[in-house]
Structures are given as C-alpha cells and as structure tokens.
$ cat my_file-v4.cif   # mmCIF, C-alpha atoms and all ligand atoms
data_protein
#
loop_
_atom_site.label_atom_id
_atom_site.label_comp_id
_atom_site.auth_asym_id
_atom_site.auth_seq_id
_atom_site.Cartn_x
_atom_site.Cartn_y
_atom_site.Cartn_z
CA MET A 173 -296.36 179.68 117.62
CA PHE A 174 -296.61 178.76 121.31
CA SER A 175 -296.32 181.26 124.12
CA PHE A 176 -293.20 179.71 125.68
CA SER A 177 -291.04 182.84 125.45
CA GLU A 178 -293.81 184.84 127.11
CA PHE A 179 -293.81 182.21 129.84
CA TYR A 180 -290.03 182.52 130.33
CA GLN A 181 -290.49 186.28 130.81
CA LEU A 182 -293.13 185.62 133.40
CA LEU A 183 -290.87 183.13 135.22
CA ALA A 184 -288.06 185.66 135.30
CA GLN A 185 -290.32 188.05 137.21
CA HIS A 186 -291.61 185.43 139.63
CA GLU A 187 -289.11 184.86 142.42
CA THR A 188 -290.19 181.36 143.43
CA LEU A 189 -290.74 180.09 139.88
CA ARG A 190 -287.51 181.58 138.48
CA PRO A 191 -285.35 178.44 139.15
CA TRP A 192 -287.45 176.67 136.52
CA LEU A 193 -285.56 178.66 133.90
CA ASN A 194 -282.53 176.45 134.61
CA THR A 195 -284.18 173.42 132.97
CA LEU A 196 -287.30 174.45 131.03
CA PRO A 197 -285.91 176.14 127.89
CA LYS A 198 -283.70 173.13 127.05
CA GLN A 199 -286.57 170.68 127.66
CA LEU A 200 -288.92 172.63 125.43
CA SER A 201 -286.39 173.05 122.64
CA ASP A 202 -285.73 169.27 122.76
CA TRP A 203 -289.49 168.76 122.58
CA GLU A 204 -289.72 171.08 119.55
CA ASP A 205 -286.98 169.11 117.79
CA LYS A 206 -288.87 165.85 118.37
CA ALA A 207 -292.43 167.00 117.60
CA HIS A 208 -293.53 165.34 114.35
CA GLY A 209 -296.36 163.23 112.88
CA ASP A 210 -299.65 165.13 112.92
CA MET A 211 -298.00 168.21 114.45
CA GLY A 212 -297.43 169.90 111.07
CA ARG A 213 -301.09 169.54 110.12
CA TRP A 214 -302.29 170.76 113.54
CA MET A 215 -299.88 173.73 113.53
CA ARG A 216 -301.13 174.81 110.11
CA ALA A 217 -304.69 174.76 111.48
CA LEU A 218 -303.63 176.65 114.62
CA LYS A 219 -302.14 179.50 112.60
CA LYS A 220 -305.59 180.17 111.14
CA PHE A 221 -307.34 180.83 114.48
CA PRO A 222 -308.27 184.43 115.21
CA THR A 223 -306.70 186.01 118.30
CA ASP A 224 -309.05 188.99 118.80
CA LYS A 225 -310.44 189.32 122.27
CA PRO A 226 -314.13 188.32 122.25
CA ASP A 227 -316.67 190.69 123.80
CA ILE A 228 -318.06 188.19 126.28
CA ILE A 229 -316.08 185.48 128.06
CA ASP A 230 -317.67 183.21 130.67
CA ILE A 231 -315.19 180.98 132.49
CA LYS A 232 -317.00 181.10 135.82
CA ASN A 233 -320.04 178.99 134.91
CA GLU A 234 -318.81 177.27 131.74
CA VAL A 235 -316.12 177.90 129.13
CA SER A 236 -317.67 180.08 126.46
CA VAL A 237 -316.89 183.11 124.33
CA ARG A 238 -319.03 185.22 122.04
CA ASN A 239 -319.32 188.68 120.59
CA GLU A 240 -322.15 191.18 121.19
CA ASN A 241 -322.93 190.83 117.50
CA ALA A 242 -322.64 187.14 116.68
CA ILE A 243 -319.92 186.29 114.16
CA ALA A 244 -321.09 185.82 110.57
CA ASP A 245 -322.34 182.38 109.47
CA GLY A 246 -319.43 181.91 107.07
CA GLU A 247 -316.90 182.80 109.78
CA GLN A 248 -318.59 180.39 112.19
CA LYS A 249 -318.48 177.55 109.63
CA ARG A 250 -314.78 178.23 108.96
CA LEU A 251 -314.03 178.19 112.68
CA GLU A 252 -316.00 174.99 113.20
CA SER A 253 -314.08 173.15 110.48
CA LEU A 254 -310.77 174.32 111.97
CA LEU A 255 -311.84 173.05 115.39
CA ARG A 256 -312.93 169.74 113.87
CA LEU A 257 -309.44 169.26 112.39
CA LEU A 258 -308.28 168.88 115.99
CA HIS A 259 -310.45 165.77 116.63
CA PRO A 260 -310.71 163.95 119.06
CA TRP A 261 -311.97 166.48 121.62
CA ARG A 262 -311.92 164.64 124.95
CA LYS A 263 -312.14 167.33 127.64
CA GLY A 264 -314.72 170.11 127.72
CA PRO A 265 -317.43 171.14 126.85
CA TYR A 266 -316.63 174.46 125.19
CA ASN A 267 -318.90 176.94 123.50
CA MET A 268 -316.89 179.09 121.10
CA HIS A 269 -318.90 181.72 119.23
CA GLY A 270 -321.97 179.49 119.23
CA ILE A 271 -320.07 176.32 118.29
CA HIS A 272 -320.84 173.77 120.97
CA ILE A 273 -317.87 171.41 121.31
CA ASP A 274 -319.61 168.45 122.91
CA THR A 275 -316.57 166.59 124.20
CA GLU A 276 -316.19 162.96 125.28
CA TRP A 277 -316.05 164.05 128.93
CA ARG A 278 -318.32 166.35 130.91
CA SER A 279 -315.27 167.82 132.63
CA ASP A 280 -317.58 170.46 134.10
CA TRP A 281 -319.19 167.74 136.25
CA LYS A 282 -315.81 166.87 137.74
CA TRP A 283 -315.21 170.57 138.44
CA ASP A 284 -318.58 170.81 140.20
CA ARG A 285 -317.58 167.90 142.46
CA VAL A 286 -314.17 169.39 143.29
CA LEU A 287 -314.81 173.13 143.61
CA PRO A 288 -316.93 173.17 146.81
CA HIS A 289 -314.10 171.53 148.77
CA ILE A 290 -310.98 173.46 147.81
CA SER A 291 -309.46 176.62 149.29
CA PRO A 292 -310.59 179.65 147.28
CA LEU A 293 -308.34 180.04 144.23
CA LYS A 294 -308.50 183.83 144.18
CA GLY A 295 -304.98 185.24 143.78
CA ARG A 296 -303.35 181.79 143.80
CA THR A 297 -300.69 180.37 141.50
CA VAL A 298 -301.90 176.98 140.35
CA LEU A 299 -300.29 173.94 138.71
CA ASP A 300 -302.57 171.46 136.92
CA VAL A 301 -300.69 168.18 136.38
CA GLY A 302 -302.10 166.16 133.46
CA CYS A 303 -304.31 169.08 132.51
CA GLY A 304 -305.55 167.53 129.23
CA ASN A 305 -306.48 170.35 126.86
CA GLY A 306 -306.73 172.78 129.77
CA TYR A 307 -310.50 172.83 130.39
CA HIS A 308 -310.11 173.02 134.18
CA MET A 309 -307.41 175.70 133.87
CA TRP A 310 -310.01 178.07 132.42
CA ARG A 311 -312.41 177.21 135.24
CA MET A 312 -309.59 177.93 137.75
CA LEU A 313 -309.16 181.37 136.17
CA GLY A 314 -312.94 181.74 136.45
CA GLU A 315 -312.35 181.42 140.21
CA GLU A 316 -309.83 184.26 139.92
CA ALA A 317 -306.58 182.29 140.19
CA LYS A 318 -303.66 184.62 139.42
CA LEU A 319 -301.87 182.17 137.12
CA THR A 320 -302.56 178.62 135.93
CA VAL A 321 -299.78 176.46 134.58
CA GLY A 322 -300.78 173.14 133.05
CA ILE A 323 -298.47 170.30 132.11
CA ASP A 324 -299.47 167.44 129.83
CA PRO A 325 -297.27 165.36 127.49
CA SER A 326 -299.98 165.09 124.78
CA ASN A 327 -299.22 167.26 121.73
CA LEU A 328 -302.84 167.29 120.56
CA PHE A 329 -303.97 168.65 123.93
CA LEU A 330 -301.39 171.42 123.68
CA ILE A 331 -302.73 172.39 120.25
CA GLN A 332 -306.35 172.31 121.43
CA PHE A 333 -305.40 174.47 124.42
CA GLU A 334 -303.61 176.97 122.16
CA ALA A 335 -306.65 177.10 119.86
CA ILE A 336 -308.96 177.89 122.79
CA LYS A 337 -306.42 180.41 124.16
CA ARG A 338 -306.44 182.24 120.83
CA LEU A 339 -310.25 182.32 120.88
CA MET A 340 -310.05 183.78 124.40
CA GLY A 341 -307.91 186.62 123.03
CA GLN A 342 -304.56 185.18 124.24
CA ASP A 343 -305.22 185.31 127.99
CA ASP A 344 -301.76 185.71 129.53
CA ARG A 345 -302.69 184.00 132.80
CA ALA A 346 -302.81 180.45 131.31
CA PHE A 347 -299.88 178.42 129.98
CA LEU A 348 -299.70 174.78 128.97
CA LEU A 349 -296.33 173.05 128.69
CA PRO A 350 -295.85 169.69 126.92
CA LEU A 351 -294.13 168.01 129.87
CA GLY A 352 -294.75 165.14 132.27
CA ILE A 353 -294.67 165.63 136.04
CA GLU A 354 -291.37 163.73 136.12
CA ASP A 355 -289.77 166.53 134.04
CA LEU A 356 -290.30 169.19 136.71
CA PRO A 357 -287.65 170.33 139.17
CA GLU A 358 -288.70 170.65 142.81
CA LEU A 359 -290.17 174.12 142.58
CA LYS A 360 -291.96 174.34 145.96
CA ALA A 361 -293.69 177.36 144.49
CA PHE A 362 -297.37 176.72 143.78
CA ASP A 363 -300.21 177.59 146.14
CA THR A 364 -302.42 174.82 144.74
CA VAL A 365 -301.53 171.71 142.75
CA PHE A 366 -304.16 169.60 140.99
CA SER A 367 -303.54 166.05 139.80
CA MET A 368 -306.76 164.72 138.35
CA GLY A 369 -306.95 161.48 136.38
CA VAL A 370 -303.17 160.92 136.41
CA LEU A 371 -302.20 158.74 139.40
CA TYR A 372 -303.41 155.45 137.88
CA HIS A 373 -301.22 156.16 134.83
CA ARG A 374 -298.11 156.32 137.01
CA ARG A 375 -296.03 153.19 137.62
CA SER A 376 -294.87 154.51 140.94
CA PRO A 377 -297.81 156.21 142.66
CA LEU A 378 -296.02 157.21 145.87
CA ASP A 379 -293.30 158.91 143.84
CA HIS A 380 -296.09 160.75 141.98
CA ILE A 381 -297.52 161.98 145.29
CA ILE A 382 -294.05 163.13 146.40
CA GLN A 383 -293.53 164.91 143.06
CA LEU A 384 -296.80 166.79 143.65
CA LYS A 385 -295.69 167.72 147.17
CA ASN A 386 -292.39 169.02 145.79
CA GLN A 387 -294.25 171.57 143.66
CA LEU A 388 -296.13 173.07 146.61
CA ARG A 389 -295.08 175.91 148.87
CA LYS A 390 -295.44 175.42 152.62
CA ASP A 391 -299.14 175.10 153.50
CA GLY A 392 -300.05 174.77 149.83
CA GLU A 393 -302.96 172.52 148.88
CA VAL A 394 -303.05 169.41 146.69
CA ILE A 395 -306.17 168.09 145.01
CA LEU A 396 -305.73 164.47 143.99
CA GLU A 397 -308.42 162.80 141.91
CA THR A 398 -308.05 159.25 140.62
CA LEU A 399 -309.78 155.94 139.93
CA VAL A 400 -310.38 153.97 143.11
CA ILE A 401 -311.91 150.68 144.22
CA ASP A 402 -314.08 149.91 147.23
CA GLY A 403 -312.31 148.62 150.30
CA ASP A 404 -310.25 149.36 153.41
CA GLU A 405 -306.79 150.92 153.95
CA ASN A 406 -305.10 147.87 152.42
CA ALA A 407 -307.21 147.51 149.28
CA VAL A 408 -305.52 148.10 145.94
CA LEU A 409 -306.14 146.73 142.45
CA VAL A 410 -303.34 146.31 139.92
CA PRO A 411 -305.00 145.21 136.66
CA THR A 412 -303.06 142.48 134.88
CA HIS A 413 -303.50 143.94 131.42
CA ARG A 414 -306.07 146.48 130.39
CA TYR A 415 -308.66 148.27 132.49
CA ALA A 416 -311.71 149.59 130.58
CA GLN A 417 -309.50 149.08 127.50
CA MET A 418 -306.78 151.42 128.82
CA HIS A 419 -303.39 149.74 128.76
CA ASN A 420 -301.11 152.20 130.58
CA VAL A 421 -302.73 151.72 134.01
CA TYR A 422 -301.13 150.56 137.25
CA PHE A 423 -302.50 151.19 140.77
CA PHE A 424 -306.14 151.66 141.80
CA PRO A 425 -306.18 152.05 145.59
CA SER A 426 -309.30 152.43 147.72
CA ALA A 427 -309.87 156.03 148.80
CA LYS A 428 -308.86 155.00 152.34
CA ALA A 429 -305.62 153.44 151.09
CA LEU A 430 -304.86 156.56 149.06
CA LYS A 431 -305.31 158.66 152.20
CA VAL A 432 -302.69 156.46 153.94
CA TRP A 433 -300.33 156.82 150.96
CA MET A 434 -300.67 160.62 151.06
CA GLU A 435 -299.98 160.69 154.79
CA LYS A 436 -296.96 158.42 154.28
CA CYS A 437 -295.65 160.95 151.75
CA GLY A 438 -295.88 163.74 154.32
CA PHE A 439 -299.22 165.38 153.56
CA VAL A 440 -301.43 166.40 156.49
CA ASP A 441 -305.15 167.19 156.92
CA VAL A 442 -305.89 164.59 154.24
CA LYS A 443 -309.61 164.48 153.49
CA ILE A 444 -311.64 162.24 151.18
CA VAL A 445 -314.16 164.79 149.92
CA ASP A 446 -315.91 162.89 147.13
CA GLU A 447 -316.35 159.39 145.74
CA CYS A 448 -318.54 158.63 142.77
CA VAL A 449 -319.07 156.02 140.07
CA THR A 450 -318.49 157.50 136.60
CA SER A 451 -321.76 157.47 134.69
CA ILE A 452 -322.05 156.76 130.98
CA ASN A 453 -323.45 160.27 130.64
CA GLU A 454 -320.19 161.74 131.90
CA GLN A 455 -317.90 159.87 129.47
CA ARG A 456 -319.29 158.88 126.07
CA SER A 457 -318.71 159.18 122.33
CA THR A 458 -319.97 162.35 120.72
CA GLU A 459 -319.83 164.07 117.38
CA TRP A 460 -316.56 165.65 118.56
CA MET A 461 -315.05 162.36 119.81
CA THR A 462 -316.24 159.58 117.55
CA ASN A 463 -314.08 156.74 118.96
CA ASN A 464 -315.39 154.20 121.48
CA SER A 465 -315.90 155.43 125.03
CA LEU A 466 -317.06 154.24 128.46
CA PRO A 467 -320.38 152.63 127.37
CA GLU A 468 -318.41 150.28 125.08
CA TYR A 469 -315.89 149.51 127.85
CA LEU A 470 -318.47 148.19 130.33
CA ASP A 471 -319.75 144.60 130.42
CA PRO A 472 -322.98 144.72 128.34
CA ASN A 473 -324.60 142.19 130.72
CA ASP A 474 -323.41 143.84 133.93
CA PRO A 475 -322.52 147.55 133.76
CA SER A 476 -321.12 147.39 137.31
CA LYS A 477 -318.08 145.71 135.69
CA THR A 478 -315.64 146.65 132.95
CA ILE A 479 -315.39 144.33 129.95
CA GLU A 480 -312.29 142.85 131.62
CA GLY A 481 -314.37 141.96 134.71
CA TYR A 482 -313.00 144.65 137.06
CA PRO A 483 -315.24 147.03 139.07
CA ALA A 484 -316.59 149.81 136.81
CA PRO A 485 -314.78 153.18 137.09
CA LYS A 486 -315.22 154.98 140.39
CA ARG A 487 -313.32 158.15 141.21
CA ALA A 488 -312.35 159.78 144.49
CA VAL A 489 -311.19 163.32 145.26
CA LEU A 490 -308.74 163.82 148.13
CA ILE A 491 -307.49 167.14 149.43
CA ALA A 492 -304.47 167.69 151.66
CA ARG A 493 -301.98 170.27 152.93
CA ASN A 494 -298.22 170.32 152.56
CA PRO A 495 -296.83 171.15 156.03
CA ASP A 496 -293.25 171.65 154.78
N1 LIG B 501 -296.41 161.70 133.36
C1 LIG B 501 -297.42 162.52 133.16
N2 LIG B 501 -297.37 163.78 133.63
C2 LIG B 501 -298.40 164.63 133.42
N3 LIG B 501 -299.52 164.28 132.74
C3 LIG B 501 -299.60 163.03 132.27
C4 LIG B 501 -298.58 162.09 132.46
N4 LIG B 501 -298.94 160.92 131.87
C5 LIG B 501 -300.16 161.13 131.32
N5 LIG B 501 -300.56 162.40 131.55
C6 LIG B 501 -301.79 163.07 131.10
O1 LIG B 501 -302.75 162.91 132.10
C7 LIG B 501 -304.02 163.11 131.52
C8 LIG B 501 -305.00 162.15 132.12
S1 LIG B 501 -306.69 162.48 131.70
C9 LIG B 501 -307.17 163.66 132.89
C10 LIG B 501 -307.33 165.07 132.36
C11 LIG B 501 -307.82 166.10 133.33
N6 LIG B 501 -306.87 166.35 134.40
C12 LIG B 501 -309.14 165.72 133.90
O2 LIG B 501 -309.21 165.41 135.10
O3 LIG B 501 -310.13 165.75 133.18
C13 LIG B 501 -307.37 160.99 132.27
C14 LIG B 501 -308.79 160.96 132.35
O4 LIG B 501 -309.41 160.90 131.29
O5 LIG B 501 -309.33 160.98 133.47
C15 LIG B 501 -303.86 162.92 130.01
O6 LIG B 501 -304.15 164.12 129.37
C16 LIG B 501 -302.42 162.48 129.86
O7 LIG B 501 -301.82 162.98 128.67
#
$ encode --input "my_file-v4.cif" --output "structure tokens"
Amino acid sequence: MFSFSEFYQLLAQHETLRPWLNTLPKQLSDWEDKAHGDMGRWMRALKKFPTDKPDIIDIKNEVSVRNENAIADGEQKRLESLLRLLHPWRKGPYNMHGIHIDTEWRSDWKWDRVLPHISPLKGRTVLDVGCGNGYHMWRMLGEEAKLTVGIDPSNLFLIQFEAIKRLMGQDDRAFLLPLGIEDLPELKAFDTVFSMGVLYHRRSPLDHIIQLKNQLRKDGEVILETLVIDGDENAVLVPTHRYAQMHNVYFFPSAKALKVWMEKCGFVDVKIVDECVTSINEQRSTEWMTNNSLPEYLDPNDPSKTIEGYPAPKRAVLIARNPD
C-alpha cells in the first residue's frame, strides 16, 4: 500500500542513509500495527486512485497534473469524490486533472518567501520535518532536488501524500514516513533540512534544533520557519493554554532570540531572511477544509490579537549552516 519497501531499497543503495535501516523497518511495522480509526476508510479510498503517469506535471510553478486530452467528466467526478473523502485538506493548493483543491493554507506563498534565500536544491538530498501532506516536497522536486524525504506523524497527511503521489504516476524521488523528528537516528546525511511550522509544537525547542543539526551533513543547510513574536534576543512567549485555539504549543521566540538559540546549538552563518504576519488570505476555511481557521481565531475587535489576547501569528524564516 505504501512505498516503504521501495524506500528501504533506496536506503540500502545510499551509503550515508543506510544506517537508517537499523531502526526504520521496526518503527514502521510498529506503526502499521497501531494504525486504526479512520485508516481503514482512507486506505480503501487510496486503493482506488489511478497510478498512471499524467502527460503534464508542473511542480516548478505550482503542483498540478493533467493529460493532453482532459480526463472524461465521469472520471473527474469520481476522482473528486475520492479526494473529498480525505477531508480536511490543509496544505496545498493542488490542481489534479482540473480539480482545484483549494486548501486551508496557501502553502505556495510560504514557498515563495523561502525559495529566494536557500541554496539551490538541484541534486540535493532533502529532509522535510513536519512536511504535512508533502506539498513543499513536490516544490522541492520542482527545484530539481535528487530525493525528498518527509516525516510527519499525521496518518491523514500520509494518505493525502500517497494519493497525490499516485496521481503523479508514483514519482520515486518522494517518500513520506509517519514518524516524528524524535524517532530519527542521527543520520548526518542530508544536504538540506527543512523544519517549517514545527518548532512551536516542540516542548524542548533547543533539542529540536539539535535534532535538525544531527540530520545534516557537514556544511548542510537548515531552513527553520516558525511562529515568532516581536522583541529582542531575550523575548519569548510561552502561552499559558491555547494560542489561536491550538493547544499543543510551547515556545514562540522573537526571530532574534531564535537566531541566538540556533547559534547556541552550533549552527553558523545564521540569517533571518523573512518575517511576516500571517494574513487571513493565507490561512482560511475553504470548501476543502470546512472547519474554523485563522479568521475565527483572531479577536473580532482587534485582528492584531488572537482570541486569547496574544499577538496575532507572525512567522520568521531563518537559514543556517552546520559546520560539523
Ligand atoms: N514531532 C514531530 N515531528 C515531525 N512533525 C511533527 C511533529 N509534531 C507535529 N508535527 C507535524 O508538523 C506539522 C506542522 S504544520 C506545518 C506543515 C508544513 N511544514 C508547512 O510549513 O506548511 C503547522 C502549520 O500549520 O504551520 C504538522 O503536519 C504536524 O503533524
């Protein structure tokens, strides 16, 4: 069902990634034993996705596939209802054979903010930590990365990724594994590691930064994107309960404080390359994600604050090099 065995074969051929074979198969078979709930329903849907390679794939400018001769109306309707079974679609947008999956997030906007600042991905082996359903992994391949490995503990995101991968014709350069960053051994193997939207979910942010460093080869690059607050090197917010209705949130440093944390963890050439307030056009409910979203999480009388009274979401992108 999933392409794990294909991934093991790839690891076996890859000298620096090969040590992963010592832990990964056991972790994934434990995961398979535990997977339950909606998984059965999602897996039944997944089996019905076609795997033919589409004629036209654009992952450079967007994530879209289509055939020279558009698929028949009936086939398109069938595909759309399969995709809708995998609601909620948070990360995207995707355009699959004319079906526009208008996701909660405009993940393409984040990519546009990040891409101008990173080392060219051409030929690189990339790890995307907390990759969601893999939207950015496709865009990384659009920049000619050699291999993208995503990890994310959400089962629904894995299924959505596998659905898109089937519609791409089973691209064998992209793999998503249902793991958290804490499940990885110190591989020191990737040329580029992304961690976007994950740090504030980690109880121990410096350990998260060190875990990212431990995945990078010498002189590899990390891209760290997270929610930040305004302030100097010592500013950090730890919300008491929820933040914009999210409950599993811990540390929101200022961008300057995050730079200090990264340097403390041994990164060098740390640069703050972008800071921007998240607009309600970038994260909102849509037909493909009908739950509440950012507009409902902001104070209706003062959108510069969350409904809990904290500063509204602002995100920073930091880039750094691993000297070890
Ligand atoms: N321990 C963990 N290890 C790995 N992933 C985790 C962990 N805990 C949670 N996640 C995953 O981290 C992702 C965070 S979303 C960012 C998606 C994408 N990167 C984006 O930038 O759009 C947040 C956002 O909406 O910004 C979710 O998919 C979690 O399942």
$ residues_near_ligand --input "my_file-v4.cif" --ligand "ligand LIG 501 (chain B)" --cutoff "8 Å" --atoms "all atoms listed in the file" --output "ChimeraX atom specification"
/A:262-263,277,279,282,300-308,323-326,329,351-354,366-370,373-374,397-398
$ write_last_selection --input "my_file-v4.cif" --atoms "C-alpha atoms" --output "CSV table (one decimal), in the coordinates of the input"
chain,number,residue,atom,x,y,z
A,262,ARG,CA,-311.9,164.6,125.0
A,263,LYS,CA,-312.1,167.3,127.6
A,277,TRP,CA,-316.0,164.0,128.9
A,279,SER,CA,-315.3,167.8,132.6
A,282,LYS,CA,-315.8,166.9,137.7
A,300,ASP,CA,-302.6,171.5,136.9
A,301,VAL,CA,-300.7,168.2,136.4
A,302,GLY,CA,-302.1,166.2,133.5
A,303,CYS,CA,-304.3,169.1,132.5
A,304,GLY,CA,-305.6,167.5,129.2
A,305,ASN,CA,-306.5,170.4,126.9
A,306,GLY,CA,-306.7,172.8,129.8
A,307,TYR,CA,-310.5,172.8,130.4
A,308,HIS,CA,-310.1,173.0,134.2
A,323,ILE,CA,-298.5,170.3,132.1
A,324,ASP,CA,-299.5,167.4,129.8
A,325,PRO,CA,-297.3,165.4,127.5
A,326,SER,CA,-300.0,165.1,124.8
A,329,PHE,CA,-304.0,168.6,123.9
A,351,LEU,CA,-294.1,168.0,129.9
A,352,GLY,CA,-294.8,165.1,132.3
A,353,ILE,CA,-294.7,165.6,136.0
A,354,GLU,CA,-291.4,163.7,136.1
A,366,PHE,CA,-304.2,169.6,141.0
A,367,SER,CA,-303.5,166.0,139.8
A,368,MET,CA,-306.8,164.7,138.4
A,369,GLY,CA,-307.0,161.5,136.4
A,370,VAL,CA,-303.2,160.9,136.4
A,373,HIS,CA,-301.2,156.2,134.8
A,374,ARG,CA,-298.1,156.3,137.0
A,397,GLU,CA,-308.4,162.8,141.9
A,398,THR,CA,-308.0,159.2,140.6
$ residues_near_point --input "my_file-v4.cif" --point "(-314.2, 184.2, 129.4)" --cutoff "10 Å" --atoms "only C-alpha atoms" --output "NGL selection string"
:A and (225-238 or 310-311 or 313-314 or 339-341 or 343)
$ closest_residue --input "my_file-v4.cif" --among "A:Asp471, A:Glu276, A:Asp202, A:Glu240" --to "A:Arg456" --atoms "all atoms listed in the file"
A:Glu276
$ residues_around --input "my_file-v4.cif" --residues "A:Pro411" --least-positions-apart "4" --cutoff "8 Å" --atoms "all atoms listed in the file" --output "list of chain:residue names"
A:Tyr415, A:Val421, A:Tyr422, A:Phe423
$ closest_residue --input "my_file-v4.cif" --among "A:Thr275, A:Asn241, A:Asn494, A:Thr188" --to "A:Ile382" --atoms "all atoms listed in the file"
A:Asn494
$ residues_around --input "my_file-v4.cif" --residues "A:Lys385" --least-positions-apart "5" --cutoff "12 Å" --atoms "all atoms listed in the file" --output "ChimeraX atom specification"
/A:299,301,353,356-367,378-380,390-396,434-440,492-496
$ atom_distance --input "my_file-v4.cif" --atom1 "atom CA of A:Leu349" --atom2 "atom CA of A:Gln455"
25.3 Å
$ residues_near_point --input "my_file-v4.cif" --point "(-291.7, 168.3, 117.2)" --cutoff "12 Å" --atoms "only C-alpha atoms" --output "mmCIF file with C-alpha atoms, in the frame of the given file"
data_model
loop_
_atom_site.group_PDB
_atom_site.id
_atom_site.type_symbol
_atom_site.label_atom_id
_atom_site.label_comp_id
_atom_site.auth_asym_id
_atom_site.auth_seq_id
_atom_site.Cartn_x
_atom_site.Cartn_y
_atom_site.Cartn_z
ATOM 1 C CA GLN A 199 -286.570 170.680 127.660
ATOM 2 C CA LEU A 200 -288.920 172.630 125.430
ATOM 3 C CA SER A 201 -286.390 173.050 122.640
ATOM 4 C CA ASP A 202 -285.730 169.270 122.760
ATOM 5 C CA TRP A 203 -289.490 168.760 122.580
ATOM 6 C CA GLU A 204 -289.720 171.080 119.550
ATOM 7 C CA ASP A 205 -286.980 169.110 117.790
ATOM 8 C CA LYS A 206 -288.870 165.850 118.370
ATOM 9 C CA ALA A 207 -292.430 167.000 117.600
ATOM 10 C CA HIS A 208 -293.530 165.340 114.350
ATOM 11 C CA GLY A 209 -296.360 163.230 112.880
ATOM 12 C CA ASP A 210 -299.650 165.130 112.920
ATOM 13 C CA MET A 211 -298.000 168.210 114.450
ATOM 14 C CA GLY A 212 -297.430 169.900 111.070
ATOM 15 C CA ARG A 213 -301.090 169.540 110.120
ATOM 16 C CA TRP A 214 -302.290 170.760 113.540
ATOM 17 C CA MET A 215 -299.880 173.730 113.530
ATOM 18 C CA SER A 326 -299.980 165.090 124.780
ATOM 19 C CA ASN A 327 -299.220 167.260 121.730
ATOM 20 C CA LEU A 328 -302.840 167.290 120.560
ATOM 21 C CA PRO A 350 -295.850 169.690 126.920
#
$ atom_distance --input "my_file-v4.cif" --atom1 "atom CA of A:Ile331" --atom2 "atom CA of A:Pro292"
29.1 Å
$ closest_residue --input "my_file-v4.cif" --among "A:Trp460, A:Glu316, A:Ala335, A:Asp280" --to "A:Met173" --atoms "all atoms listed in the file"
A:Ala335
$ atom_distance --input "my_file-v4.cif" --atom1 "atom CA of A:Thr320" --atom2 "atom CA of A:Cys448"
26.5 Å
$ closest_residue --input "my_file-v4.cif" --among "A:Leu251, A:Leu183, A:Ile452, A:Ala242" --to "A:Arg278" --atoms "all atoms listed in the file"
A:Ile452
$ axis_aligned_box --input "my_file-v4.cif" --around "stretch 392-410 of chain A" --padding-each-side "8 Å" --output "JSON"
{"center_x": -307.1, "center_y": 160.5, "center_z": 146.9, "size_x": 30.0, "size_y": 44.5, "size_z": 30.0}
$ residues_around --input "my_file-v4.cif" --residues "A:Leu254" --least-positions-apart "4" --cutoff "10 Å" --atoms "all atoms listed in the file" --output "MDAnalysis selection string"
chainID A and resid 214 216:218 220:221 248:250 258:259 335
$ closest_residue --input "my_file-v4.cif" --among "A:Met268, A:Val432, A:Leu255, A:Ala484" --to "A:Val449" --atoms "all atoms listed in the file"
A:Ala484
$ closest_residue --input "my_file-v4.cif" --among "A:Arg389, A:Thr462, A:Thr450, A:Gly264" --to "A:Phe333" --atoms "only C-alpha atoms"
A:Gly264
$ decode --input "my_file-v4.cif" --residues "stretch 348-352 of chain A" --atoms "all heavy atoms" --output "PDB file, in the first residue's frame"
ATOM      1  N   LEU A 348       7.202   9.796   2.075  1.00  0.00           N
ATOM      2  CA  LEU A 348       6.762  10.352   3.354  1.00  0.00           C
ATOM      3  C   LEU A 348       6.663   9.218   4.370  1.00  0.00           C
ATOM      4  O   LEU A 348       6.064   8.177   4.084  1.00  0.00           O
ATOM      5  CB  LEU A 348       5.402  11.047   3.193  1.00  0.00           C
ATOM      6  CG  LEU A 348       4.979  11.967   4.348  1.00  0.00           C
ATOM      7  CD1 LEU A 348       3.928  12.968   3.861  1.00  0.00           C
ATOM      8  CD2 LEU A 348       4.433  11.243   5.549  1.00  0.00           C
ATOM      9  N   LEU A 349       7.255   9.436   5.532  1.00  0.00           N
ATOM     10  CA  LEU A 349       7.247   8.413   6.579  1.00  0.00           C
ATOM     11  C   LEU A 349       6.472   8.930   7.786  1.00  0.00           C
ATOM     12  O   LEU A 349       6.687  10.087   8.201  1.00  0.00           O
ATOM     13  CB  LEU A 349       8.687   8.087   6.996  1.00  0.00           C
ATOM     14  CG  LEU A 349       9.619   7.751   5.826  1.00  0.00           C
ATOM     15  CD1 LEU A 349      11.068   7.762   6.275  1.00  0.00           C
ATOM     16  CD2 LEU A 349       9.238   6.407   5.223  1.00  0.00           C
ATOM     17  N   PRO A 350       5.599   8.106   8.379  1.00  0.00           N
ATOM     18  CA  PRO A 350       4.773   8.571   9.500  1.00  0.00           C
ATOM     19  C   PRO A 350       5.555   8.552  10.817  1.00  0.00           C
ATOM     20  O   PRO A 350       5.287   7.737  11.704  1.00  0.00           O
ATOM     21  CB  PRO A 350       3.615   7.569   9.509  1.00  0.00           C
ATOM     22  CG  PRO A 350       4.213   6.315   8.951  1.00  0.00           C
ATOM     23  CD  PRO A 350       5.263   6.733   7.966  1.00  0.00           C
ATOM     24  N   LEU A 351       6.522   9.442  10.928  1.00  0.00           N
ATOM     25  CA  LEU A 351       7.402   9.496  12.105  1.00  0.00           C
ATOM     26  C   LEU A 351       7.502  10.925  12.608  1.00  0.00           C
ATOM     27  O   LEU A 351       7.295  11.877  11.848  1.00  0.00           O
ATOM     28  CB  LEU A 351       8.823   9.069  11.713  1.00  0.00           C
ATOM     29  CG  LEU A 351       9.059   7.696  11.129  1.00  0.00           C
ATOM     30  CD1 LEU A 351      10.518   7.581  10.718  1.00  0.00           C
ATOM     31  CD2 LEU A 351       8.703   6.611  12.140  1.00  0.00           C
ATOM     32  N   GLY A 352       7.879  11.081  13.873  1.00  0.00           N
ATOM     33  CA  GLY A 352       8.239  12.394  14.398  1.00  0.00           C
ATOM     34  C   GLY A 352       9.749  12.549  14.323  1.00  0.00           C
ATOM     35  O   GLY A 352      10.478  11.555  14.210  1.00  0.00           O
TER      36      GLY A 352
END
